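Everything below belongs to data_28.cif, which stores mmCIF, C-alpha atoms.
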data_structure
loop_
_atom_site.group_PDB
_atom_site.id
_atom_site.type_symbol
_atom_site.label_atom_id
_atom_site.label_comp_id
_atom_site.auth_asym_id
_atom_site.auth_seq_id
_atom_site.Cartn_x
_atom_site.Cartn_y
_atom_site.Cartn_z
ATOM 1 C CA MET A 1 16.780 -28.119 -12.061
ATOM 2 C CA THR A 2 20.380 -26.906 -11.906
ATOM 3 C CA GLY A 3 19.990 -24.452 -9.068
ATOM 4 C CA ARG A 4 21.228 -21.655 -11.332
ATOM 5 C CA PRO A 5 19.702 -18.296 -10.322
ATOM 6 C CA GLU A 6 17.225 -16.842 -12.794
ATOM 7 C CA VAL A 7 18.540 -13.286 -12.591
ATOM 8 C CA HIS A 8 21.900 -11.584 -12.422
ATOM 9 C CA SER A 9 21.968 -10.563 -8.762
ATOM 10 C CA ALA A 10 24.007 -7.383 -9.260
ATOM 11 C CA THR A 11 21.574 -6.146 -11.910
ATOM 12 C CA ALA A 12 18.556 -7.090 -9.772
ATOM 13 C CA LEU A 13 19.964 -5.108 -6.847
ATOM 14 C CA ARG A 14 20.662 -2.076 -9.040
ATOM 15 C CA LEU A 15 17.114 -2.140 -10.376
ATOM 16 C CA PHE A 16 15.731 -2.375 -6.842
ATOM 17 C CA SER A 17 17.925 0.528 -5.748
ATOM 18 C CA VAL A 18 16.728 2.648 -8.679
ATOM 19 C CA GLY A 19 13.133 1.672 -7.887
ATOM 20 C CA LEU A 20 13.433 2.778 -4.257
ATOM 21 C CA SER A 21 14.922 6.068 -5.424
ATOM 22 C CA ARG A 22 12.078 6.626 -7.891
ATOM 23 C CA LEU A 23 9.459 5.898 -5.227
ATOM 24 C CA GLN A 24 11.029 8.632 -3.055
ATOM 25 C CA ASP A 25 10.941 11.193 -5.888
ATOM 26 C CA PRO A 26 7.669 13.197 -5.938
ATOM 27 C CA ASN A 27 8.399 14.371 -9.481
ATOM 28 C CA TRP A 28 8.516 10.758 -10.696
ATOM 29 C CA THR A 29 5.623 9.417 -8.627
ATOM 30 C CA GLY A 30 3.369 12.355 -9.482
ATOM 31 C CA THR A 31 4.017 12.158 -13.220
ATOM 32 C CA SER A 32 5.516 8.904 -14.502
ATOM 33 C CA LEU A 33 4.044 6.537 -11.903
ATOM 34 C CA PHE A 34 0.661 8.256 -12.089
ATOM 35 C CA ASP A 35 0.590 7.880 -15.869
ATOM 36 C CA TYR A 36 1.726 4.233 -15.780
ATOM 37 C CA VAL A 37 -1.031 3.307 -13.329
ATOM 38 C CA LYS A 38 -3.642 5.431 -15.109
ATOM 39 C CA GLN A 39 -3.208 3.484 -18.342
ATOM 40 C CA HIS A 40 -4.315 0.334 -16.510
ATOM 41 C CA VAL A 41 -7.071 1.966 -14.428
ATOM 42 C CA LYS A 42 -8.534 3.534 -17.588
ATOM 43 C CA GLY A 43 -8.486 0.134 -19.313
ATOM 44 C CA ARG A 44 -5.896 1.089 -21.932
ATOM 45 C CA GLU A 45 -3.279 -1.441 -20.818
ATOM 46 C CA GLU A 46 -3.365 -4.976 -19.452
ATOM 47 C CA PRO A 47 -4.027 -5.878 -16.715
ATOM 48 C CA LYS A 48 -7.116 -3.672 -16.830
ATOM 49 C CA ASP A 49 -8.161 -4.672 -13.297
ATOM 50 C CA LEU A 50 -4.926 -3.435 -11.705
ATOM 51 C CA LEU A 51 -5.684 -2.046 -8.202
ATOM 52 C CA ARG A 52 -9.194 -3.485 -8.363
ATOM 53 C CA LYS A 53 -8.091 -7.075 -7.797
ATOM 54 C CA PRO A 54 -5.223 -8.692 -5.845
ATOM 55 C CA LEU A 55 -3.307 -9.830 -8.905
ATOM 56 C CA GLU A 56 -0.231 -12.011 -8.580
ATOM 57 C CA MET A 57 1.393 -9.699 -11.139
ATOM 58 C CA GLY A 58 0.003 -6.532 -9.599
ATOM 59 C CA ILE A 59 1.606 -3.219 -8.672
ATOM 60 C CA PRO A 60 4.979 -4.616 -7.437
ATOM 61 C CA PHE A 61 5.425 -6.655 -10.633
ATOM 62 C CA CYS A 62 4.371 -3.730 -12.832
ATOM 63 C CA LEU A 63 6.756 -1.443 -10.939
ATOM 64 C CA GLY A 64 9.583 -3.852 -11.628
ATOM 65 C CA GLY A 65 8.779 -3.787 -15.335
ATOM 66 C CA TRP A 66 8.515 -0.005 -15.487
ATOM 67 C CA ILE A 67 11.837 0.427 -13.668
ATOM 68 C CA PHE A 68 13.470 -2.145 -15.966
ATOM 69 C CA ASP A 69 12.243 -0.223 -19.027
ATOM 70 C CA GLU A 70 13.488 3.123 -17.735
ATOM 71 C CA TYR A 71 16.842 1.659 -16.698
ATOM 72 C CA PHE A 72 17.728 0.113 -20.050
ATOM 73 C CA SER A 73 15.654 1.859 -22.696
ATOM 74 C CA LEU A 74 16.624 4.906 -24.769
ATOM 75 C CA GLN A 75 12.960 5.657 -25.478
ATOM 76 C CA PHE A 76 12.798 7.907 -22.398
ATOM 77 C CA SER A 77 14.118 11.454 -22.557
ATOM 78 C CA PRO A 78 16.486 11.840 -20.903
ATOM 79 C CA SER A 79 17.196 8.135 -20.584
ATOM 80 C CA HIS A 80 18.795 6.666 -17.460
ATOM 81 C CA PHE A 81 22.034 6.277 -19.431
ATOM 82 C CA ASP A 82 21.972 9.934 -20.527
ATOM 83 C CA GLU A 83 21.719 11.066 -16.905
ATOM 84 C CA LEU A 84 24.831 9.178 -15.768
ATOM 85 C CA SER A 85 28.183 10.862 -15.204
ATOM 86 C CA PRO A 86 31.024 9.854 -17.576
ATOM 87 C CA GLU A 87 32.550 7.270 -15.239
ATOM 88 C CA TYR A 88 29.138 5.781 -14.450
ATOM 89 C CA LYS A 89 28.462 5.446 -18.166
ATOM 90 C CA ALA A 90 31.539 3.229 -18.434
ATOM 91 C CA TRP A 91 30.416 1.165 -15.428
ATOM 92 C CA PHE A 92 26.927 0.852 -16.935
ATOM 93 C CA LEU A 93 28.383 -0.634 -20.121
ATOM 94 C CA GLU A 94 30.545 -2.969 -18.054
ATOM 95 C CA ASP A 95 27.466 -4.105 -16.110
ATOM 96 C CA LEU A 96 25.582 -4.627 -19.374
ATOM 97 C CA LEU A 97 28.313 -6.958 -20.617
ATOM 98 C CA ALA A 98 28.131 -8.898 -17.337
ATOM 99 C CA LEU A 99 24.354 -9.220 -17.681
ATOM 100 C CA LEU A 100 24.532 -10.474 -21.267
ATOM 101 C CA THR A 101 27.252 -12.955 -20.367
ATOM 102 C CA PHE A 102 25.334 -14.237 -17.331
ATOM 103 C CA HIS A 103 22.279 -15.009 -19.465
ATOM 104 C CA GLY A 104 24.333 -16.545 -22.271
ATOM 105 C CA ILE A 105 23.061 -14.062 -24.856
ATOM 106 C CA ALA A 106 24.822 -14.420 -28.171
ATOM 107 C CA ASP A 107 27.055 -11.727 -29.664
ATOM 108 C CA ARG A 108 25.437 -9.174 -31.965
ATOM 109 C CA GLY A 109 27.929 -7.875 -34.507
ATOM 110 C CA THR A 110 30.848 -5.972 -33.004
ATOM 111 C CA VAL A 111 29.009 -4.329 -30.082
ATOM 112 C CA ARG A 112 30.626 -6.384 -27.333
ATOM 113 C CA ALA A 113 34.070 -5.998 -28.860
ATOM 114 C CA THR A 114 33.597 -2.226 -29.048
ATOM 115 C CA ILE A 115 32.520 -2.008 -25.396
ATOM 116 C CA ALA A 116 35.335 -4.300 -24.274
ATOM 117 C CA GLY A 117 37.848 -2.222 -26.242
ATOM 118 C CA VAL A 118 36.733 1.051 -24.670
ATOM 119 C CA LEU A 119 36.734 -0.435 -21.180
ATOM 120 C CA GLY A 120 40.183 -1.909 -21.731
ATOM 121 C CA GLU A 121 41.552 1.428 -22.890
ATOM 122 C CA LEU A 122 40.035 3.175 -19.867
ATOM 123 C CA GLU A 123 41.562 0.646 -17.497
ATOM 124 C CA GLU A 124 44.976 1.077 -19.101
ATOM 125 C CA LEU A 125 44.707 4.863 -18.969
ATOM 126 C CA TYR A 126 43.724 4.847 -15.305
ATOM 127 C CA SER A 127 46.769 2.796 -14.343
ATOM 128 C CA ARG A 128 49.104 4.870 -16.542
ATOM 129 C CA ASP A 129 47.803 8.460 -16.441
ATOM 130 C CA GLU A 130 44.803 9.276 -14.253
ATOM 131 C CA GLN A 131 44.502 12.809 -15.618
ATOM 132 C CA GLU A 132 44.248 11.503 -19.177
ATOM 133 C CA TYR A 133 41.743 8.907 -17.965
ATOM 134 C CA TRP A 134 39.349 11.641 -16.838
ATOM 135 C CA ALA A 135 39.913 13.658 -20.001
ATOM 136 C CA TYR A 136 39.179 10.604 -22.157
ATOM 137 C CA LEU A 137 35.966 9.923 -20.221
ATOM 138 C CA GLU A 138 34.835 13.487 -20.913
ATOM 139 C CA ARG A 139 35.630 13.152 -24.608
ATOM 140 C CA LEU A 140 33.646 9.916 -24.821
ATOM 141 C CA THR A 141 30.693 11.679 -23.199
ATOM 142 C CA LEU A 142 30.781 14.757 -25.437
ATOM 143 C CA ASP A 143 31.783 13.019 -28.664
ATOM 144 C CA GLU A 144 28.782 11.968 -30.780
ATOM 145 C CA GLU A 145 30.757 8.852 -31.714
ATOM 146 C CA GLY A 146 31.514 8.087 -28.059
ATOM 147 C CA PHE A 147 29.362 6.715 -25.262
ATOM 148 C CA ALA A 148 26.066 7.772 -26.854
ATOM 149 C CA ARG A 149 26.719 5.885 -30.081
ATOM 150 C CA ILE A 150 28.113 2.842 -28.289
ATOM 151 C CA TYR A 151 25.038 2.447 -26.110
ATOM 152 C CA GLN A 152 22.678 3.246 -28.978
ATOM 153 C CA GLU A 153 24.192 0.351 -30.923
ATOM 154 C CA ALA A 154 24.105 -1.921 -27.877
ATOM 155 C CA TRP A 155 20.475 -1.110 -27.096
ATOM 156 C CA SER A 156 19.386 -1.488 -30.731
ATOM 157 C CA SER A 157 21.189 -4.834 -30.980
ATOM 158 C CA TYR A 158 20.055 -6.329 -27.670
ATOM 159 C CA GLU A 159 16.595 -4.755 -27.244
ATOM 160 C CA PRO A 160 14.797 -8.063 -28.105
ATOM 161 C CA ASP A 161 16.965 -9.941 -25.606
ATOM 162 C CA LEU A 162 16.331 -7.363 -22.881
ATOM 163 C CA ALA A 163 12.588 -7.600 -23.564
ATOM 164 C CA GLN A 164 12.760 -11.345 -22.909
ATOM 165 C CA LEU A 165 14.609 -10.749 -19.636
ATOM 166 C CA ARG A 166 12.097 -8.140 -18.416
ATOM 167 C CA PRO A 167 9.513 -10.496 -16.804
ATOM 168 C CA GLY A 168 12.150 -12.281 -14.728
ATOM 169 C CA TYR A 169 13.539 -9.049 -13.317
ATOM 170 C CA ALA A 170 10.039 -7.663 -12.744
ATOM 171 C CA ALA A 171 9.207 -10.796 -10.735
ATOM 172 C CA GLU A 172 12.425 -10.476 -8.731
ATOM 173 C CA PHE A 173 11.623 -6.825 -7.998
ATOM 174 C CA SER A 174 8.105 -7.816 -6.949
ATOM 175 C CA ASP A 175 9.381 -10.472 -4.525
ATOM 176 C CA ARG A 176 11.735 -7.977 -2.893
ATOM 177 C CA VAL A 177 8.870 -5.500 -2.426
ATOM 178 C CA LEU A 178 6.413 -8.071 -1.087
ATOM 179 C CA HIS A 179 8.957 -9.318 1.462
ATOM 180 C CA ASP A 180 8.765 -5.927 3.215
ATOM 181 C CA ARG A 181 5.268 -5.182 4.533
ATOM 182 C CA GLN A 182 6.185 -1.591 5.434
ATOM 183 C CA LEU A 183 7.409 -0.925 1.896
ATOM 184 C CA CYS A 184 4.144 -2.395 0.614
ATOM 185 C CA ALA A 185 2.204 -0.052 2.907
ATOM 186 C CA TYR A 186 4.270 2.899 1.660
ATOM 187 C CA ILE A 187 3.391 2.056 -1.952
ATOM 188 C CA ALA A 188 -0.283 1.505 -1.081
ATOM 189 C CA ARG A 189 -0.444 4.963 0.525
ATOM 190 C CA LEU A 190 1.495 6.474 -2.380
ATOM 191 C CA ILE A 191 -1.141 5.206 -4.810
ATOM 192 C CA VAL A 192 -3.716 7.228 -2.870
ATOM 193 C CA VAL A 193 -1.486 10.314 -2.605
ATOM 194 C CA ILE A 194 -0.795 10.549 -6.349
ATOM 195 C CA GLY A 195 -4.497 10.603 -7.144
ATOM 196 C CA PHE A 196 -6.083 7.152 -7.129
ATOM 197 C CA ASP A 197 -8.274 7.889 -4.128
ATOM 198 C CA GLY A 198 -11.869 8.019 -5.370
ATOM 199 C CA ARG A 199 -12.135 11.804 -5.056
ATOM 200 C CA THR A 200 -13.837 13.894 -7.706
ATOM 201 C CA ASP A 201 -12.807 17.163 -6.033
ATOM 202 C CA GLU A 202 -9.464 18.076 -4.462
ATOM 203 C CA ASP A 203 -11.241 19.408 -1.378
ATOM 204 C CA GLU A 204 -12.864 16.055 -0.667
ATOM 205 C CA GLU A 205 -11.457 13.376 1.591
ATOM 206 C CA PRO A 206 -10.384 10.123 -0.096
ATOM 207 C CA ARG A 207 -13.327 7.775 -0.448
ATOM 208 C CA GLN A 208 -14.080 4.265 -1.615
ATOM 209 C CA TRP A 209 -13.833 3.738 -5.346
ATOM 210 C CA ILE A 210 -13.049 0.025 -5.470
ATOM 211 C CA GLU A 211 -15.410 -2.804 -4.563
ATOM 212 C CA ARG A 212 -14.464 -5.443 -2.017
ATOM 213 C CA VAL A 213 -13.553 -8.773 -3.649
ATOM 214 C CA SER A 214 -13.032 -12.350 -2.516
ATOM 215 C CA TRP A 215 -9.418 -13.397 -2.058
ATOM 216 C CA PRO A 216 -7.838 -15.959 -4.413
ATOM 217 C CA ALA A 217 -6.125 -18.855 -2.651
ATOM 218 C CA HIS A 218 -2.691 -17.799 -3.940
ATOM 219 C CA VAL A 219 -3.068 -14.381 -2.283
ATOM 220 C CA ALA A 220 -3.889 -15.944 1.081
ATOM 221 C CA ARG A 221 -0.887 -18.246 0.721
ATOM 222 C CA MET A 222 1.490 -15.403 -0.159
ATOM 223 C CA LEU A 223 0.348 -13.282 2.776
ATOM 224 C CA HIS A 224 0.497 -16.239 5.152
ATOM 225 C CA SER A 225 4.058 -16.938 4.032
ATOM 226 C CA ARG A 226 5.186 -13.287 4.111
ATOM 227 C CA ASP A 227 3.629 -12.737 7.556
ATOM 228 C CA ARG A 228 5.019 -16.091 8.755
ATOM 229 C CA GLY A 229 1.640 -17.429 9.783
ATOM 230 C CA LYS A 230 1.212 -14.681 12.363
ATOM 231 C CA CYS A 231 -1.165 -11.792 12.904
ATOM 232 C CA SER A 232 0.617 -8.708 11.558
ATOM 233 C CA LEU A 233 -0.449 -6.647 14.592
ATOM 234 C CA CYS A 234 -0.456 -8.806 17.726
ATOM 235 C CA GLN A 235 1.924 -11.462 16.320
ATOM 236 C CA LYS A 236 -0.367 -14.299 17.422
ATOM 237 C CA ASP A 237 0.620 -17.580 15.755
ATOM 238 C CA LEU A 238 -2.435 -18.312 13.616
ATOM 239 C CA ASP A 239 -1.275 -21.808 12.725
ATOM 240 C CA HIS A 240 -1.844 -22.843 16.332
ATOM 241 C CA GLU A 241 -4.988 -20.835 17.089
ATOM 242 C CA LEU A 242 -7.985 -23.022 16.313
ATOM 243 C CA GLN A 243 -10.376 -20.267 17.381
ATOM 244 C CA SER A 244 -8.761 -17.527 15.300
ATOM 245 C CA ASP A 245 -9.097 -17.917 11.541
ATOM 246 C CA PRO A 246 -6.738 -15.677 9.533
ATOM 247 C CA HIS A 247 -8.360 -12.542 8.110
ATOM 248 C CA ILE A 248 -7.056 -10.467 5.201
ATOM 249 C CA ASP A 249 -7.006 -6.762 5.970
ATOM 250 C CA HIS A 250 -6.559 -3.617 3.864
ATOM 251 C CA LEU A 251 -3.638 -1.545 5.174
ATOM 252 C CA VAL A 252 -5.267 1.535 3.665
ATOM 253 C CA PRO A 253 -8.998 0.870 4.128
ATOM 254 C CA LEU A 254 -11.192 0.827 1.038
ATOM 255 C CA ALA A 255 -13.289 3.546 2.688
ATOM 256 C CA ARG A 256 -10.204 5.814 2.668
ATOM 257 C CA GLY A 257 -9.329 5.273 -0.988
ATOM 258 C CA GLY A 258 -7.363 2.037 -0.580
ATOM 259 C CA CYS A 259 -7.042 -0.566 -3.310
ATOM 260 C CA ASN A 260 -7.236 -4.360 -3.560
ATOM 261 C CA ASP A 261 -3.660 -4.785 -4.785
ATOM 262 C CA ILE A 262 -1.542 -7.172 -2.736
ATOM 263 C CA VAL A 263 0.679 -4.285 -1.540
ATOM 264 C CA ASN A 264 -2.330 -3.088 0.438
ATOM 265 C CA LEU A 265 -3.016 -6.397 2.193
ATOM 266 C CA GLN A 266 -1.865 -8.056 5.396
ATOM 267 C CA GLN A 267 -2.880 -11.034 7.504
ATOM 268 C CA LEU A 268 -4.598 -10.397 10.840
ATOM 269 C CA CYS A 269 -6.269 -12.509 13.461
ATOM 270 C CA SER A 270 -10.040 -12.092 13.708
ATOM 271 C CA GLN A 271 -9.809 -10.122 16.969
ATOM 272 C CA CYS A 272 -7.335 -7.547 15.587
ATOM 273 C CA ASN A 273 -9.217 -7.217 12.321
ATOM 274 C CA LEU A 274 -12.545 -6.580 14.081
ATOM 275 C CA ALA A 275 -10.918 -4.107 16.477
ATOM 276 C CA LYS A 276 -9.171 -2.250 13.641
ATOM 277 C CA GLY A 277 -12.333 -1.888 11.570
ATOM 278 C CA PRO A 278 -12.158 0.881 8.931
ATOM 279 C CA LEU A 279 -9.141 2.549 10.544
ATOM 280 C CA GLU A 280 -5.617 2.912 9.217
ATOM 281 C CA VAL A 281 -3.065 1.902 11.833
ATOM 282 C CA GLU A 282 0.726 1.780 11.886
ATOM 283 C CA CYS A 283 2.159 -1.065 9.836
ATOM 284 C CA LEU A 284 4.727 -3.262 11.570
ATOM 285 C CA SER A 285 7.825 -4.578 9.813
ATOM 286 C CA SER A 286 7.791 -8.065 8.291
ATOM 287 C CA VAL A 287 11.580 -8.196 7.892
ATOM 288 C CA PRO A 288 13.141 -10.587 10.423
ATOM 289 C CA GLY A 289 15.276 -8.919 13.092
ATOM 290 C CA TYR A 290 18.533 -10.765 12.627
ATOM 291 C CA ILE A 291 20.509 -8.335 14.736
ATOM 292 C CA ARG A 292 19.445 -7.102 18.157
ATOM 293 C CA ARG A 293 21.079 -4.554 20.428
ATOM 294 C CA ARG A 294 22.576 -6.044 23.548
ATOM 295 C CA ARG A 295 20.549 -5.356 26.639
ATOM 296 C CA MET A 296 22.411 -3.182 29.123
#
With the file now loaded, output its structure as structure tokens.
Amino acid sequence: MTGRPEVHSATALRLFSVGLSRLQDPNWTGTSLFDYVKQHVKGREEPKDLLRKPLEMGIPFCLGGWIFDEYFSLQFSPSHFDELSPEYKAWFLEDLLALLTFHGIADRGTVRATIAGVLGELEELYSRDEQEYWAYLERLTLDEEGFARIYQEAWSSYEPDLAQLRPGYAAEFSDRVLHDRQLCAYIARLIVVIGFDGRTDEDEEPRQWIERVSWPAHVARMLHSRDRGKCSLCQKDLDHELQSDPHIDHLVPLARGGCNDIVNLQQLCSQCNLAKGPLEVECLSSVPGYIRRRRM
């Protein structure tokens, strides 16, 4: 082990930022996210038991992969690259070079040289003539031989390499999601809102559509670690409570359309779990409070 990070941190943060933005966009969640999840629920894509079981590579991991695909791929219309402003297109190409360099991916033809040349010319223009810099950016955006061609060549050349990087960035995205119990709860509720709620009629209330399952040991360990060995509601330290075995609870109850994915799970003490029953209660943050206001 060298201690070298597995992902390029700047890229991982950008993907997480894009993911949070997508999750706040009803147009994306109601169409793209719904369709992504439906392919698994209908058994057309692996894992076919997504939502039905607490998979280690469940919804957060899948989300990371879907966001990665949309961020880099030109197969979406419009692609993420197409939607960027001229200056952001240049920064995107610069970030791509940094990503490829970080992972030690070999050169493919003249793509890197082309990108480096354009970026160098832009940097020189900006320092010499800012007005011409902006005009050149516009020309590169409108010119069929400009930004569009450059990224098309880059994507075509490095698509196999990006595909190999995808699982690592999906896992990183998943870890960032799972660290935040409130974000997990938001996603669990979103899954119900976009239509995976057991209803057969829009006028019905959400109802149970997924069977209760036993919890794999790795799920219990992940929740225990994320919740720091405490009950997520009363904060009782379960490691030191011999009379209070940890329970795993559904944030959105199965009876209200909830799923078995790990985003919908938290650790509770037996007393809180029995008191909560089939209710949905406010989810408390799992992010440590490093900064506190001074008491007046």
Near-range 209-218 of chain A list (6 Å; all atoms listed in the file; drop same-chain fewer than 2 positions) as a ChimeraX atom specification
/A:52,198,220-221
Give one line per residue of range 185-257 of chain A that approaches range 9-22 of chain A to at most 12 Å, naming the two atoms of the closest pair and their distance in Å to one decimal, counting all atoms listed in the file; sort by chain then ascending residue number and deliver it as CSV.
residue,atom,partner,partner_atom,distance
A:Tyr186,CA,A:Leu20,CA,10.9
A:Ile187,CA,A:Leu20,CA,10.3
A:Leu190,CA,A:Arg22,CA,11.9
Range 78-81 of chain A environment, 10 Å, only C-alpha atoms, sequence neighbours closer than 4 positions dropped, as a ChimeraX atom specification:
/A:18,69-74,85-86,88-89,92-93,147-148,151
Can you list what the PyMOL selection byres ((chain A and resi 100) around 12) grabs from this structure, as a list in words?
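So the PyMOL selection byres ((chain A and resi 100) around 12), applied here, picks out Val7, His8, Thr11, Leu93, Glu94, Asp95, Leu96, Leu97, Ala98, Leu99, Thr101, Phe102, His103, Gly104, Ile105, Ala106, Asp107, Arg108, Val111, Arg112, Ala154, Trp155, Ser157, Tyr158, Glu159, Asp161, Leu162, Gln164 and Leu165 of chain A.
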Can you spell out as a ChimeraX atom specification the set of residues that the PyMOL selection byres ((chain A and resi 30-37) around 12) selects in the structure I just provided?
/A:19,22-29,38-52,58-60,62-67,69-70,76,187,190-197
Please work out which residues fall within 9 Å of (-0.5, -12.9, 2.2), coordinates as given in the file, with all atoms listed in the file counting, and return them as a PDB file with C-alpha atoms, in the frame of the given file.
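Below is the file that was written, point-v6.pdb:
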ATOM      1  CA  HIS A 218      -2.691 -17.799  -3.940  1.00  0.00           C
ATOM      2  CA  VAL A 219      -3.068 -14.381  -2.283  1.00  0.00           C
ATOM      3  CA  ALA A 220      -3.889 -15.944   1.081  1.00  0.00           C
ATOM      4  CA  ARG A 221      -0.887 -18.246   0.721  1.00  0.00           C
ATOM      5  CA  MET A 222       1.490 -15.403  -0.159  1.00  0.00           C
ATOM      6  CA  LEU A 223       0.348 -13.282   2.776  1.00  0.00           C
ATOM      7  CA  HIS A 224       0.497 -16.239   5.152  1.00  0.00           C
ATOM      8  CA  SER A 225       4.058 -16.938   4.032  1.00  0.00           C
ATOM      9  CA  ARG A 226       5.186 -13.287   4.111  1.00  0.00           C
ATOM     10  CA  ASP A 227       3.629 -12.737   7.556  1.00  0.00           C
ATOM     11  CA  ILE A 248      -7.056 -10.467   5.201  1.00  0.00           C
ATOM     12  CA  ILE A 262      -1.542  -7.172  -2.736  1.00  0.00           C
ATOM     13  CA  LEU A 265      -3.016  -6.397   2.193  1.00  0.00           C
ATOM     14  CA  GLN A 266      -1.865  -8.056   5.396  1.00  0.00           C
ATOM     15  CA  GLN A 267      -2.880 -11.034   7.504  1.00  0.00           C
TER      16      GLN A 267
END
Can you list, as a PyMOL selection string, every protein, DNA or RNA residue that comes within 9 Å of range 120-135 of chain A when you count only C-alpha atoms, leaving out same-chain residues fewer than 3 positions away?
chain A and resi 86-87+90+115-117+138-140
List as an mmCIF file with C-alpha atoms, keeping the file's coordinate frame the protein and nucleic acid residues near Arg256 in chain A, meaning an atom at most 9 Å away when all atoms listed in the file are counted, but skip any in the same chain fewer than 5 places from it.
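Generated file (out.cif):
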data_model
loop_
_atom_site.group_PDB
_atom_site.id
_atom_site.type_symbol
_atom_site.label_atom_id
_atom_site.label_comp_id
_atom_site.auth_asym_id
_atom_site.auth_seq_id
_atom_site.Cartn_x
_atom_site.Cartn_y
_atom_site.Cartn_z
ATOM 1 C CA VAL A 192 -3.716 7.228 -2.870
ATOM 2 C CA ASP A 197 -8.274 7.889 -4.128
ATOM 3 C CA GLY A 198 -11.869 8.019 -5.370
ATOM 4 C CA GLU A 205 -11.457 13.376 1.591
ATOM 5 C CA PRO A 206 -10.384 10.123 -0.096
ATOM 6 C CA ARG A 207 -13.327 7.775 -0.448
ATOM 7 C CA GLN A 208 -14.080 4.265 -1.615
ATOM 8 C CA PRO A 278 -12.158 0.881 8.931
ATOM 9 C CA LEU A 279 -9.141 2.549 10.544
ATOM 10 C CA GLU A 280 -5.617 2.912 9.217
#
Between CA of Gln75 in chain A and CA of Gln152 in chain A, measure the distance and give it in Å to one decimal.
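Answer for the CA of Gln75 in chain A to CA of Gln152 in chain A separation: 10.6 Å.
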Name the residues that the PyMOL selection byres ((chain A and resi 182) around 7) picks from the file above, as a list in words, using the file's chain letters and numbers.
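Against this file, the PyMOL selection byres ((chain A and resi 182) around 7) returns the residues Asp180, Arg181, Leu183, Cys184, Ala185, Tyr186, Cys283, Leu284 and Ser285 of chain A.
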Using all atoms listed in the file, find the one residue out of A:Asn273, A:Leu268, A:Gly109, A:Leu119 that sits nearest to Gln235 in chain A.
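Among the listed residues, A:Leu268 lies closest to Gln235 in chain A.
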Point-to-point distance from CA of His179 in chain A to CA of Gly277 in chain A, Å rounded to tenths
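About the pair CA of His179 in chain A and CA of Gly277 in chain A: they are 24.7 Å apart.
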Would you compute the distance between CA of Ala275 in chain A and CA of Asp237 in chain A? Give it in Å to one decimal.
17.8 Å
Counting all atoms listed in the file, figure out which residue out of A:Val281, A:Ser286, A:Glu144, A:His247 gets nearest to Leu178 in chain A.
A:Ser286
Range 161-173 of chain A, all listed atoms, 6 Å padding on each side: what axis-aligned box centre and edge lengths in Å to one decimal come out, as lines of an AutoDock Vina configuration file?
center_x = 13.1
center_y = -9.6
center_z = -16.8
size_x = 19.8
size_y = 17.5
size_z = 29.6
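Comparing A:Gly146, A:Ser174, A:Tyr136, A:Ala188 by their smallest distance to Leu254 in chain A, the closest is A:Ala188 (using all atoms listed in the file).
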When distances are computed from all atoms listed in the file, which of A:Ala171, A:Glu145, A:Thr114, A:Asp245 shows the smallest separation from Ser270 in chain A?
A:Asp245
Nearest to Tyr169 in chain A among A:Pro288, A:Phe61, A:Leu55, A:Arg149, with distances taken over all atoms listed in the file: which residue is it?
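Selected residue with least distance to Tyr169 in chain A: A:Phe61.
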